[in-house]
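Asks: To be precise about what I am sending: the file is called data.cif and holds mmCIF, C-alpha atoms.
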data_entry
#
loop_
_atom_site.group_PDB
_atom_site.id
_atom_site.type_symbol
_atom_site.label_atom_id
_atom_site.label_comp_id
_atom_site.auth_asym_id
_atom_site.auth_seq_id
_atom_site.Cartn_x
_atom_site.Cartn_y
_atom_site.Cartn_z
ATOM 1 C CA MET A 21 10.283 -7.337 24.130
ATOM 2 C CA PHE A 22 10.657 -4.794 21.363
ATOM 3 C CA SER A 23 9.011 -1.398 21.293
ATOM 4 C CA THR A 24 6.625 -0.605 18.467
ATOM 5 C CA PRO A 25 7.311 2.602 16.491
ATOM 6 C CA ARG A 26 4.663 5.323 16.405
ATOM 7 C CA TYR A 27 3.743 6.996 13.148
ATOM 8 C CA ARG A 28 2.701 10.584 12.589
ATOM 9 C CA ALA A 29 -0.798 11.201 11.204
ATOM 10 C CA PHE A 30 -1.216 13.628 8.329
ATOM 11 C CA PRO A 31 -3.294 16.841 8.535
ATOM 12 C CA ALA A 32 -6.893 16.149 7.545
ATOM 13 C CA LEU A 33 -7.880 17.317 4.078
ATOM 14 C CA ARG A 34 -10.848 19.533 3.280
ATOM 15 C CA PRO A 35 -12.849 19.741 0.046
ATOM 16 C CA GLY A 36 -11.168 22.147 -2.338
ATOM 17 C CA ASP A 37 -7.656 21.527 -1.029
ATOM 18 C CA PRO A 38 -4.834 21.469 -3.606
ATOM 19 C CA VAL A 39 -3.413 17.995 -4.342
ATOM 20 C CA VAL A 40 -0.878 16.693 -6.871
ATOM 21 C CA ALA A 41 -0.789 13.698 -9.187
ATOM 22 C CA ILE A 42 2.545 12.037 -9.960
ATOM 23 C CA ALA A 43 3.837 9.040 -11.914
ATOM 24 C CA PRO A 44 6.905 7.659 -10.111
ATOM 25 C CA ALA A 45 6.713 4.195 -11.658
ATOM 26 C CA GLY A 46 5.234 2.821 -14.896
ATOM 27 C CA PRO A 47 3.555 4.538 -17.856
ATOM 28 C CA PHE A 48 -0.200 4.447 -17.996
ATOM 29 C CA ASP A 49 -3.297 4.541 -20.140
ATOM 30 C CA ARG A 50 -4.267 8.195 -20.483
ATOM 31 C CA ALA A 51 -8.023 7.557 -20.537
ATOM 32 C CA SER A 52 -7.889 5.642 -17.229
ATOM 33 C CA PHE A 53 -5.711 8.353 -15.723
ATOM 34 C CA GLU A 54 -8.086 11.120 -16.765
ATOM 35 C CA ALA A 55 -11.078 9.149 -15.471
ATOM 36 C CA GLY A 56 -9.369 8.891 -12.079
ATOM 37 C CA LEU A 57 -8.441 12.575 -12.160
ATOM 38 C CA GLU A 58 -12.060 13.476 -12.821
ATOM 39 C CA ILE A 59 -13.157 11.639 -9.684
ATOM 40 C CA ILE A 60 -10.533 13.328 -7.499
ATOM 41 C CA ALA A 61 -11.203 16.732 -9.069
ATOM 42 C CA ARG A 62 -14.827 16.600 -7.918
ATOM 43 C CA ARG A 63 -13.512 17.083 -4.388
ATOM 44 C CA TYR A 64 -10.008 18.560 -4.581
ATOM 45 C CA GLU A 65 -8.023 20.963 -6.739
ATOM 46 C CA VAL A 66 -5.730 18.666 -8.733
ATOM 47 C CA HIS A 67 -2.401 19.723 -10.230
ATOM 48 C CA TYR A 68 0.131 17.767 -12.256
ATOM 49 C CA ASP A 69 3.095 18.421 -14.497
ATOM 50 C CA PRO A 70 2.534 17.622 -18.212
ATOM 51 C CA GLY A 71 5.706 15.540 -18.053
ATOM 52 C CA ILE A 72 3.660 12.920 -16.224
ATOM 53 C CA LEU A 73 2.539 11.706 -19.667
ATOM 54 C CA THR A 74 6.110 10.918 -20.737
ATOM 55 C CA ARG A 75 6.887 7.315 -21.616
ATOM 56 C CA GLN A 76 10.339 5.699 -21.681
ATOM 57 C CA ARG A 77 10.242 1.959 -22.254
ATOM 58 C CA TYR A 78 8.464 0.510 -19.198
ATOM 59 C CA LEU A 79 8.734 3.725 -17.171
ATOM 60 C CA ALA A 80 6.800 6.997 -16.979
ATOM 61 C CA GLY A 81 9.788 8.924 -18.252
ATOM 62 C CA SER A 82 13.412 8.998 -17.190
ATOM 63 C CA ASP A 83 14.563 8.420 -13.627
ATOM 64 C CA ALA A 84 15.536 12.099 -13.462
ATOM 65 C CA ARG A 85 12.044 13.236 -14.491
ATOM 66 C CA ARG A 86 10.262 10.919 -12.082
ATOM 67 C CA LEU A 87 12.642 11.599 -9.208
ATOM 68 C CA GLY A 88 12.358 15.362 -9.582
ATOM 69 C CA GLU A 89 8.577 15.168 -9.720
ATOM 70 C CA LEU A 90 8.420 12.923 -6.656
ATOM 71 C CA TRP A 91 10.918 14.983 -4.649
ATOM 72 C CA ARG A 92 8.941 18.172 -5.324
ATOM 73 C CA ALA A 93 5.641 16.498 -4.425
ATOM 74 C CA LEU A 94 6.934 15.152 -1.116
ATOM 75 C CA ALA A 95 8.601 18.409 -0.060
ATOM 76 C CA ASP A 96 5.915 20.813 -1.316
ATOM 77 C CA THR A 97 4.191 22.664 1.523
ATOM 78 C CA GLY A 98 1.466 23.996 -0.762
ATOM 79 C CA SER A 99 -0.172 20.689 -1.670
ATOM 80 C CA ARG A 100 -2.136 18.578 0.804
ATOM 81 C CA ALA A 101 -1.948 15.083 -0.745
ATOM 82 C CA VAL A 102 -0.102 13.086 -3.401
ATOM 83 C CA PHE A 103 -1.954 10.692 -5.710
ATOM 84 C CA CYS A 104 0.071 8.164 -7.694
ATOM 85 C CA ALA A 105 -1.010 7.498 -11.262
ATOM 86 C CA ARG A 106 0.051 3.866 -11.489
ATOM 87 C CA GLY A 107 2.283 1.166 -10.057
ATOM 88 C CA GLY A 108 3.890 -1.229 -12.501
ATOM 89 C CA TYR A 109 7.635 -0.847 -12.031
ATOM 90 C CA GLY A 110 10.023 2.002 -11.395
ATOM 91 C CA MET A 111 9.681 3.229 -7.818
ATOM 92 C CA LEU A 112 12.540 0.998 -6.713
ATOM 93 C CA ARG A 113 14.897 2.855 -9.036
ATOM 94 C CA LEU A 114 14.208 6.149 -7.219
ATOM 95 C CA LEU A 115 14.814 5.164 -3.600
ATOM 96 C CA ALA A 116 18.540 5.940 -3.479
ATOM 97 C CA GLY A 117 17.860 9.398 -4.936
ATOM 98 C CA LEU A 118 15.391 10.151 -2.141
ATOM 99 C CA GLU A 119 17.940 9.897 0.656
ATOM 100 C CA GLY A 120 17.897 13.233 2.437
ATOM 101 C CA VAL A 121 14.361 14.170 1.439
ATOM 102 C CA ALA A 122 12.260 15.508 4.325
ATOM 103 C CA PRO A 123 8.657 14.698 3.382
ATOM 104 C CA VAL A 124 5.963 17.111 4.515
ATOM 105 C CA PRO A 125 3.355 15.104 6.479
ATOM 106 C CA LYS A 126 0.608 14.528 3.919
ATOM 107 C CA PRO A 127 -1.154 11.450 2.577
ATOM 108 C CA VAL A 128 0.527 9.642 -0.304
ATOM 109 C CA ILE A 129 -1.974 7.339 -2.003
ATOM 110 C CA GLY A 130 -1.089 4.320 -4.131
ATOM 111 C CA PHE A 131 -0.357 0.600 -4.069
ATOM 112 C CA SER A 132 1.478 -2.229 -5.862
ATOM 113 C CA ASP A 133 4.917 -0.868 -6.878
ATOM 114 C CA ILE A 134 4.154 2.190 -4.708
ATOM 115 C CA THR A 135 4.725 -0.122 -1.711
ATOM 116 C CA ALA A 136 8.376 0.920 -1.980
ATOM 117 C CA LEU A 137 7.377 4.558 -1.432
ATOM 118 C CA HIS A 138 5.162 3.611 1.506
ATOM 119 C CA GLN A 139 8.104 1.824 3.093
ATOM 120 C CA LEU A 140 10.256 4.942 2.685
ATOM 121 C CA LEU A 141 7.560 7.049 4.350
ATOM 122 C CA GLN A 142 7.162 4.598 7.229
ATOM 123 C CA ARG A 143 10.931 4.735 7.734
ATOM 124 C CA GLN A 144 10.376 8.480 8.168
ATOM 125 C CA GLY A 145 7.686 7.769 10.767
ATOM 126 C CA LEU A 146 4.770 8.891 8.590
ATOM 127 C CA VAL A 147 1.320 7.461 7.898
ATOM 128 C CA SER A 148 0.446 6.882 4.233
ATOM 129 C CA VAL A 149 -2.477 5.316 2.359
ATOM 130 C CA HIS A 150 -2.408 1.950 0.619
ATOM 131 C CA GLY A 151 -5.182 2.615 -1.857
ATOM 132 C CA PRO A 152 -6.150 2.809 -5.501
ATOM 133 C CA ASN A 153 -3.859 4.423 -8.025
ATOM 134 C CA LEU A 154 -5.557 6.991 -10.234
ATOM 135 C CA THR A 155 -5.729 4.629 -13.212
ATOM 136 C CA GLN A 156 -7.614 2.064 -11.107
ATOM 137 C CA LEU A 157 -9.938 4.450 -9.301
ATOM 138 C CA SER A 158 -12.691 4.705 -11.918
ATOM 139 C CA ARG A 159 -12.970 0.901 -12.135
ATOM 140 C CA LEU A 160 -13.815 0.547 -8.444
ATOM 141 C CA ASP A 161 -17.259 0.881 -6.941
ATOM 142 C CA GLY A 162 -18.305 3.944 -5.002
ATOM 143 C CA SER A 163 -17.545 2.402 -1.609
ATOM 144 C CA ALA A 164 -13.778 2.530 -2.215
ATOM 145 C CA GLN A 165 -13.988 6.141 -3.382
ATOM 146 C CA THR A 166 -16.084 7.125 -0.367
ATOM 147 C CA ARG A 167 -13.784 5.311 2.032
ATOM 148 C CA LEU A 168 -10.751 7.033 0.524
ATOM 149 C CA CYS A 169 -12.237 10.486 1.171
ATOM 150 C CA GLU A 170 -13.151 9.472 4.720
ATOM 151 C CA ILE A 171 -9.587 8.318 5.431
ATOM 152 C CA LEU A 172 -8.186 11.571 4.046
ATOM 153 C CA GLU A 173 -10.623 13.907 5.779
ATOM 154 C CA SER A 174 -11.935 12.291 8.958
ATOM 155 C CA GLU A 175 -10.197 12.433 12.308
ATOM 156 C CA ALA A 176 -11.979 9.220 13.307
ATOM 157 C CA PRO A 177 -10.404 5.759 12.825
ATOM 158 C CA ALA A 178 -11.099 4.045 9.505
ATOM 159 C CA GLY A 179 -13.652 1.567 10.862
ATOM 160 C CA GLU A 180 -13.413 -2.126 10.027
ATOM 161 C CA LEU A 181 -12.819 -4.402 7.069
ATOM 162 C CA ALA A 182 -13.926 -8.017 6.836
ATOM 163 C CA GLY A 183 -11.936 -10.905 5.417
ATOM 164 C CA VAL A 184 -13.185 -14.209 4.060
ATOM 165 C CA GLU A 185 -11.259 -16.996 5.779
ATOM 166 C CA THR A 186 -9.273 -17.730 8.932
ATOM 167 C CA TYR A 187 -5.913 -19.363 8.273
ATOM 168 C CA VAL A 188 -4.590 -19.163 11.849
ATOM 169 C CA GLY A 189 -6.778 -18.123 14.760
ATOM 170 C CA GLY A 190 -5.928 -15.519 17.356
ATOM 171 C CA THR A 191 -5.686 -11.752 17.701
ATOM 172 C CA ALA A 192 -2.883 -9.290 17.140
ATOM 173 C CA GLU A 193 -2.413 -5.544 17.544
ATOM 174 C CA GLY A 194 0.164 -3.233 16.033
ATOM 175 C CA PRO A 195 0.705 -0.730 13.236
ATOM 176 C CA LEU A 196 -0.477 -1.972 9.847
ATOM 177 C CA LEU A 197 2.538 -2.122 7.520
ATOM 178 C CA GLY A 198 3.373 -3.772 4.218
ATOM 179 C CA GLY A 199 1.599 -4.001 0.883
ATOM 180 C CA ASN A 200 2.742 -5.836 -2.212
ATOM 181 C CA LEU A 201 4.510 -9.097 -1.386
ATOM 182 C CA SER A 202 6.841 -8.998 -4.383
ATOM 183 C CA MET A 203 7.949 -5.440 -3.653
ATOM 184 C CA LEU A 204 8.579 -6.145 0.032
ATOM 185 C CA THR A 205 10.913 -9.007 -0.812
ATOM 186 C CA ARG A 206 12.873 -6.697 -3.126
ATOM 187 C CA LEU A 207 13.558 -4.403 -0.177
ATOM 188 C CA LEU A 208 14.995 -7.097 2.082
ATOM 189 C CA GLY A 209 18.662 -6.413 2.764
ATOM 190 C CA THR A 210 18.359 -2.764 1.719
ATOM 191 C CA PRO A 211 18.226 0.288 3.999
ATOM 192 C CA PHE A 212 14.747 1.113 2.687
ATOM 193 C CA LEU A 213 12.651 -1.532 4.438
ATOM 194 C CA ALA A 214 10.649 0.015 7.280
ATOM 195 C CA PRO A 215 11.022 -1.491 10.774
ATOM 196 C CA LEU A 216 8.510 -4.336 11.027
ATOM 197 C CA GLU A 217 8.891 -5.146 14.717
ATOM 198 C CA GLY A 218 5.493 -5.422 16.346
ATOM 199 C CA ALA A 219 3.583 -4.775 13.105
ATOM 200 C CA VAL A 220 0.517 -6.402 11.635
ATOM 201 C CA LEU A 221 1.761 -7.289 8.165
ATOM 202 C CA LEU A 222 -0.404 -6.665 5.077
ATOM 203 C CA LEU A 223 0.362 -8.725 1.954
ATOM 204 C CA GLU A 224 -1.247 -8.818 -1.518
ATOM 205 C CA ASP A 225 -0.080 -9.576 -5.060
ATOM 206 C CA VAL A 226 -1.042 -10.162 -8.675
ATOM 207 C CA GLY A 227 0.091 -12.525 -11.422
ATOM 208 C CA GLU A 228 2.422 -14.618 -9.265
ATOM 209 C CA ARG A 229 2.103 -18.407 -9.613
ATOM 210 C CA PRO A 230 1.877 -20.408 -6.373
ATOM 211 C CA TYR A 231 5.525 -21.503 -6.335
ATOM 212 C CA ARG A 232 6.559 -17.865 -6.671
ATOM 213 C CA LEU A 233 4.334 -16.902 -3.752
ATOM 214 C CA ASP A 234 5.997 -19.711 -1.792
ATOM 215 C CA ARG A 235 9.456 -18.494 -2.794
ATOM 216 C CA MET A 236 8.777 -14.889 -1.788
ATOM 217 C CA TRP A 237 7.084 -15.877 1.476
ATOM 218 C CA THR A 238 10.009 -18.168 2.304
ATOM 219 C CA HIS A 239 12.377 -15.284 1.578
ATOM 220 C CA LEU A 240 10.541 -13.187 4.174
ATOM 221 C CA ALA A 241 10.705 -16.102 6.616
ATOM 222 C CA LEU A 242 14.443 -16.631 6.117
ATOM 223 C CA ALA A 243 14.990 -12.904 6.661
ATOM 224 C CA GLY A 244 13.254 -13.170 10.046
ATOM 225 C CA VAL A 245 10.180 -11.108 9.151
ATOM 226 C CA PHE A 246 7.702 -13.541 10.716
ATOM 227 C CA ARG A 247 9.669 -13.484 13.965
ATOM 228 C CA GLN A 248 9.160 -9.713 14.097
ATOM 229 C CA VAL A 249 5.506 -9.189 13.165
ATOM 230 C CA ARG A 250 2.497 -10.052 15.326
ATOM 231 C CA GLY A 251 -0.113 -10.964 12.745
ATOM 232 C CA ILE A 252 -0.770 -11.277 9.011
ATOM 233 C CA VAL A 253 -3.542 -9.709 6.921
ATOM 234 C CA LEU A 254 -3.839 -11.214 3.451
ATOM 235 C CA GLY A 255 -5.506 -9.109 0.787
ATOM 236 C CA GLU A 256 -6.372 -10.395 -2.647
ATOM 237 C CA PHE A 257 -4.034 -12.509 -4.759
ATOM 238 C CA ILE A 258 -5.296 -12.006 -8.299
ATOM 239 C CA GLY A 259 -4.285 -14.191 -11.255
ATOM 240 C CA CYS A 260 -2.085 -16.373 -9.068
ATOM 241 C CA GLU A 261 -3.333 -19.821 -10.079
ATOM 242 C CA GLU A 262 -1.343 -22.603 -11.749
ATOM 243 C CA LYS A 263 -3.087 -23.914 -14.863
ATOM 244 C CA ASP A 264 -4.533 -27.430 -14.424
ATOM 245 C CA ALA A 265 -3.080 -27.719 -10.907
ATOM 246 C CA GLU A 266 -4.817 -29.731 -8.196
ATOM 247 C CA TYR A 267 -4.014 -27.015 -5.675
ATOM 248 C CA SER A 268 -4.771 -23.309 -5.476
ATOM 249 C CA SER A 269 -2.755 -20.289 -4.437
ATOM 250 C CA ALA A 270 -4.981 -20.146 -1.350
ATOM 251 C CA ASP A 271 -3.903 -23.700 -0.428
ATOM 252 C CA VAL A 272 -0.271 -22.652 -0.619
ATOM 253 C CA LEU A 273 -0.752 -19.418 1.319
ATOM 254 C CA ARG A 274 -2.769 -21.174 4.011
ATOM 255 C CA GLU A 275 -0.026 -23.746 4.556
ATOM 256 C CA LEU A 276 2.641 -21.036 4.687
ATOM 257 C CA ALA A 277 0.602 -18.980 7.154
ATOM 258 C CA VAL A 278 0.058 -21.979 9.424
ATOM 259 C CA GLY A 279 3.823 -22.462 9.464
ATOM 260 C CA THR A 280 4.327 -19.027 11.022
ATOM 261 C CA GLY A 281 1.941 -19.698 13.919
ATOM 262 C CA LEU A 282 0.806 -16.061 13.697
ATOM 263 C CA PRO A 283 -2.839 -14.946 13.651
ATOM 264 C CA CYS A 284 -3.759 -14.725 9.981
ATOM 265 C CA ALA A 285 -6.973 -14.010 8.091
ATOM 266 C CA ALA A 286 -7.307 -13.905 4.305
ATOM 267 C CA GLY A 287 -9.542 -12.484 1.601
ATOM 268 C CA PHE A 288 -9.613 -8.842 2.672
ATOM 269 C CA PRO A 289 -10.733 -6.590 -0.221
ATOM 270 C CA ILE A 290 -7.310 -4.977 -0.590
ATOM 271 C CA GLY A 291 -5.087 -5.082 -3.659
ATOM 272 C CA HIS A 292 -5.458 -5.663 -7.384
ATOM 273 C CA GLY A 293 -9.046 -6.909 -7.286
ATOM 274 C CA ALA A 294 -12.323 -5.203 -8.086
ATOM 275 C CA GLN A 295 -12.632 -3.402 -4.726
ATOM 276 C CA ASN A 296 -9.206 -2.380 -3.348
ATOM 277 C CA GLN A 297 -10.525 -0.706 -0.247
ATOM 278 C CA PRO A 298 -7.988 1.903 0.913
ATOM 279 C CA VAL A 299 -6.271 1.415 4.266
ATOM 280 C CA PRO A 300 -3.925 3.718 6.163
ATOM 281 C CA LEU A 301 -0.465 2.296 6.792
ATOM 282 C CA GLY A 302 1.252 3.066 10.079
ATOM 283 C CA VAL A 303 -1.922 3.313 12.165
ATOM 284 C CA ARG A 304 -2.564 0.831 14.942
ATOM 285 C CA VAL A 305 -5.005 -1.968 14.104
ATOM 286 C CA ARG A 306 -6.474 -5.044 15.762
ATOM 287 C CA LEU A 307 -6.664 -8.232 13.742
ATOM 288 C CA ASP A 308 -9.223 -10.739 15.014
ATOM 289 C CA ALA A 309 -8.358 -13.674 12.776
ATOM 290 C CA ASP A 310 -11.087 -15.913 14.222
ATOM 291 C CA ASP A 311 -13.726 -13.332 13.300
ATOM 292 C CA ARG A 312 -11.854 -12.378 10.101
ATOM 293 C CA ARG A 313 -12.005 -8.715 11.067
ATOM 294 C CA LEU A 314 -9.509 -5.865 10.855
ATOM 295 C CA THR A 315 -10.322 -2.911 13.125
ATOM 296 C CA PHE A 316 -8.550 0.432 12.877
ATOM 297 C CA LEU A 317 -7.799 1.815 16.322
ATOM 298 C CA GLU A 318 -6.214 5.158 15.396
ATOM 299 C CA SER A 319 -7.012 7.912 12.944
ATOM 300 C CA SER A 320 -4.788 8.504 9.947
ATOM 301 C CA ALA A 321 -5.652 12.225 9.917
ATOM 302 C CA GLY A 322 -5.373 14.730 12.684
#
Using structure tokens, write down the structure that the file contains.
Replies:
Amino acid sequence: MFSTPRYRAFPALRPGDPVVAIAPAGPFDRASFEAGLEIIARRYEVHYDPGILTRQRYLAGSDARRLGELWRALADTGSRAVFCARGGYGMLRLLAGLEGVAPVPKPVIGFSDITALHQLLQRQGLVSVHGPNLTQLSRLDGSAQTRLCEILESEAPAGELAGVETYVGGTAEGPLLGGNLSMLTRLLGTPFLAPLEGAVLLLEDVGERPYRLDRMWTHLALAGVFRQVRGIVLGEFIGCEEKDAEYSSADVLRELAVGTGLPCAAGFPIGHGAQNQPVPLGVRVRLDADDRRLTFLESSAG
């Protein structure tokens, strides 16, 4: 049997604490960014470098700009949290430049392409938060915003989330790891994938047709991922349908999940959908796939 890594909780935030906003990946709509900033600024003191508004092709500025901003944010002892502006693409390009960084334990919040950053932090043994990017935050209902503050500030576990469907029955316990399916497959074979042994694996995605979901899932299987993890939590898969097909993306994912034999429940409100409830990564959870329930057993903040 393998031993399951333990991850270090971040210090709990308090209202008024200084936090930073960064853009390590794609460029973004300024109005959506400012709407998200306004929400965060109601509770925390938000800082960001004006260079965050830079745009270079499909990136939020050059690699050097984004890397410098990210390095400073991770190492800064004066800020208490890091909020990512957007996913898109670009975080992958920065990973090699982050070798040697010693992140200060603090919550880093984001999802989608930011999965690559979460994996780096879990390799460092740190808890982070899979949750809305700033440009998405204002489009979500108040429950996601409230839950985010509770995860950042409370020393109690993050409660429970309910899924919609059981794909494979059973229960599993372990640290919740993962995020965007596409990004995780890009990290296979690199030194930046976090250890997945004993984990409960979270997967979500957007805009990937069913055969692409199959291809990426099969890539994980061939790499041995499903021999390492103990259970699978499927978030939302948005815009993943094949036009005029007689099958759905859910049909494909269900069949793939059954093939693993691992406890798996689907339809959790996590990812690119209208809710994207934040969840701490690296904390121990219990997945009851029969009851379609994910229970957080440890606090993310301490």
Asks: Report as lines of an AutoDock Vina configuration file the centre and the edge lengths, in Å to one decimal, of the axis-aligned box holding every listed atom of segment 164-169 of chain A, padded by 8 Å on each side.
Replies:
center_x = -13.4
center_y = 6.5
center_z = -0.7
size_x = 21.3
size_y = 24.0
size_z = 21.4
Asks: List the neighbours of segment 252-268 of chain A out to 9 Å using all atoms listed in the file; skip same-chain residues closer than 2 positions along the sequence, and give me the result as a PyMOL selection string.
Replies: chain A and resi 183+192+196+199+219-231+233+246+249-250+270-273+277+282-293+296+307+309+314
Asks: May I ask which of the residues A:Phe316, A:Phe53, A:Tyr68, A:Tyr78 is the closest one to Glu193 of chain A, counting only C-alpha atoms?
Replies: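 The shortest atom-to-atom distance to Glu193 of chain A comes from A:Phe316.
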Asks: So which one's closest to Phe48 of chain A, A:Ile72, A:Ala29, A:Ala116, A:Met111? Using all atoms listed in the file, please.
Replies: A:Ile72
Asks: Quote the spacing between atom CA of Leu87 of chain A and atom CA of Gly71 of chain A in Å to one decimal place.
Replies: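 Going from atom CA of Leu87 of chain A over to atom CA of Gly71 of chain A, I get 11.9 Å.
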Asks: Give me the residues within 12 Å of Pro25 of chain A as a list of chain:residue names, counting only C-alpha atoms and dropping any in the same chain fewer than 4 places off.
Replies: A:Gln142, A:Arg143, A:Gln144, A:Gly145, A:Leu146, A:Val147, A:Gly194, A:Pro195, A:Leu196, A:Leu197, A:Ala214, A:Pro215, A:Leu216, A:Glu217, A:Gly218, A:Ala219, A:Gly302, A:Val303, A:Arg304
Asks: So, counting only C-alpha atoms, which residue among A:Glu275, A:Ile59, A:Val102, A:Pro47 is closest to Arg159 of chain A?
Replies: A:Ile59
Asks: What does the structure give for the distance between atom CA of Gln76 of chain A and atom CA of Ala43 of chain A, in Å to one decimal?
Replies: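 Pair atom CA of Gln76 of chain A / atom CA of Ala43 of chain A returns 12.2 Å.
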Asks: Figure out the distance between atom CA of Val128 of chain A and atom CA of Arg28 of chain A, please, to one decimal in Å.
Replies: 13.1 Å
Asks: With distances taken over all atoms listed in the file, which of A:Gly108, A:Pro177, A:Gly190, A:Gly151 is nearest to Arg313 of chain A?
Replies: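 Using all atoms listed in the file, the shortest distance to Arg313 of chain A belongs to A:Gly190.
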Asks: Could you spell out the hits of the PyMOL selection byres ((chain A and resi 110) around 8) on the shown file, as a list in words?
Replies: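 Those residues are Pro44, Ala45, Gly46, Leu79, Gly107, Gly108, Tyr109, Met111, Leu112, Arg113, Leu114 and Asp133 of chain A.
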Asks: Evaluate the PyMOL selection byres ((chain A and resi 174) around 9) and record the selected residues as a short mmCIF file (atom, residue, chain, number, x, y, z; two decimals) with C-alpha atoms, keeping the file's coordinate frame, following the chain and residue labels used in the document.
Replies:
data_model
loop_
_atom_site.label_atom_id
_atom_site.label_comp_id
_atom_site.auth_asym_id
_atom_site.auth_seq_id
_atom_site.Cartn_x
_atom_site.Cartn_y
_atom_site.Cartn_z
CA ALA A 32 -6.89 16.15 7.54
CA LEU A 33 -7.88 17.32 4.08
CA CYS A 169 -12.24 10.49 1.17
CA GLU A 170 -13.15 9.47 4.72
CA ILE A 171 -9.59 8.32 5.43
CA LEU A 172 -8.19 11.57 4.05
CA GLU A 173 -10.62 13.91 5.78
CA GLU A 175 -10.20 12.43 12.31
CA ALA A 176 -11.98 9.22 13.31
CA PRO A 177 -10.40 5.76 12.82
CA ALA A 178 -11.10 4.04 9.51
CA SER A 319 -7.01 7.91 12.94
CA SER A 320 -4.79 8.50 9.95
CA ALA A 321 -5.65 12.22 9.92
CA GLY A 322 -5.37 14.73 12.68
#
Asks: Starting from the incomplete input, reconstruct N, CA and C atoms of segment 119-135 of chain A and write that as a PDB file, in the coordinates of the input.
Replies:
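What ended up in part.pdb:
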ATOM      1  N   GLU A 119      17.247   9.749  -0.626  1.00  0.00           N
ATOM      2  CA  GLU A 119      17.940   9.897   0.656  1.00  0.00           C
ATOM      3  C   GLU A 119      18.169  11.380   0.918  1.00  0.00           C
ATOM      4  N   GLY A 120      17.772  11.827   2.088  1.00  0.00           N
ATOM      5  CA  GLY A 120      17.897  13.233   2.437  1.00  0.00           C
ATOM      6  C   GLY A 120      16.628  14.027   2.272  1.00  0.00           C
ATOM      7  N   VAL A 121      15.622  13.453   1.581  1.00  0.00           N
ATOM      8  CA  VAL A 121      14.361  14.170   1.439  1.00  0.00           C
ATOM      9  C   VAL A 121      13.664  14.228   2.793  1.00  0.00           C
ATOM     10  N   ALA A 122      13.014  15.342   3.088  1.00  0.00           N
ATOM     11  CA  ALA A 122      12.260  15.508   4.325  1.00  0.00           C
ATOM     12  C   ALA A 122      10.793  15.687   3.956  1.00  0.00           C
ATOM     13  N   PRO A 123      10.039  14.583   3.839  1.00  0.00           N
ATOM     14  CA  PRO A 123       8.657  14.698   3.382  1.00  0.00           C
ATOM     15  C   PRO A 123       7.798  15.529   4.325  1.00  0.00           C
ATOM     16  N   VAL A 124       6.977  16.395   3.749  1.00  0.00           N
ATOM     17  CA  VAL A 124       5.963  17.111   4.515  1.00  0.00           C
ATOM     18  C   VAL A 124       4.874  16.091   4.883  1.00  0.00           C
ATOM     19  N   PRO A 125       4.426  16.048   6.140  1.00  0.00           N
ATOM     20  CA  PRO A 125       3.355  15.104   6.479  1.00  0.00           C
ATOM     21  C   PRO A 125       2.105  15.364   5.638  1.00  0.00           C
ATOM     22  N   LYS A 126       1.788  14.446   4.785  1.00  0.00           N
ATOM     23  CA  LYS A 126       0.608  14.528   3.919  1.00  0.00           C
ATOM     24  C   LYS A 126       0.343  13.115   3.415  1.00  0.00           C
ATOM     25  N   PRO A 127      -0.882  12.792   3.073  1.00  0.00           N
ATOM     26  CA  PRO A 127      -1.154  11.450   2.577  1.00  0.00           C
ATOM     27  C   PRO A 127      -0.588  11.235   1.176  1.00  0.00           C
ATOM     28  N   VAL A 128       0.103  10.124   1.005  1.00  0.00           N
ATOM     29  CA  VAL A 128       0.527   9.642  -0.304  1.00  0.00           C
ATOM     30  C   VAL A 128      -0.316   8.410  -0.586  1.00  0.00           C
ATOM     31  N   ILE A 129      -1.007   8.394  -1.718  1.00  0.00           N
ATOM     32  CA  ILE A 129      -1.974   7.339  -2.003  1.00  0.00           C
ATOM     33  C   ILE A 129      -1.513   6.530  -3.204  1.00  0.00           C
ATOM     34  N   GLY A 130      -1.462   5.208  -3.044  1.00  0.00           N
ATOM     35  CA  GLY A 130      -1.089   4.320  -4.131  1.00  0.00           C
ATOM     36  C   GLY A 130      -0.877   2.921  -3.595  1.00  0.00           C
ATOM     37  N   PHE A 131      -0.605   1.973  -4.510  1.00  0.00           N
ATOM     38  CA  PHE A 131      -0.357   0.600  -4.069  1.00  0.00           C
ATOM     39  C   PHE A 131       0.476  -0.114  -5.127  1.00  0.00           C
ATOM     40  N   SER A 132       0.680  -1.400  -4.962  1.00  0.00           N
ATOM     41  CA  SER A 132       1.478  -2.229  -5.862  1.00  0.00           C
ATOM     42  C   SER A 132       2.935  -1.779  -5.787  1.00  0.00           C
ATOM     43  N   ASP A 133       3.526  -1.316  -6.894  1.00  0.00           N
ATOM     44  CA  ASP A 133       4.917  -0.868  -6.878  1.00  0.00           C
ATOM     45  C   ASP A 133       5.123   0.309  -5.920  1.00  0.00           C
ATOM     46  N   ILE A 134       4.064   1.044  -5.617  1.00  0.00           N
ATOM     47  CA  ILE A 134       4.154   2.190  -4.708  1.00  0.00           C
ATOM     48  C   ILE A 134       4.416   1.729  -3.275  1.00  0.00           C
ATOM     49  N   THR A 135       4.337   0.421  -3.021  1.00  0.00           N
ATOM     50  CA  THR A 135       4.725  -0.122  -1.711  1.00  0.00           C
ATOM     51  C   THR A 135       6.120   0.344  -1.317  1.00  0.00           C
TER      52      THR A 135
END
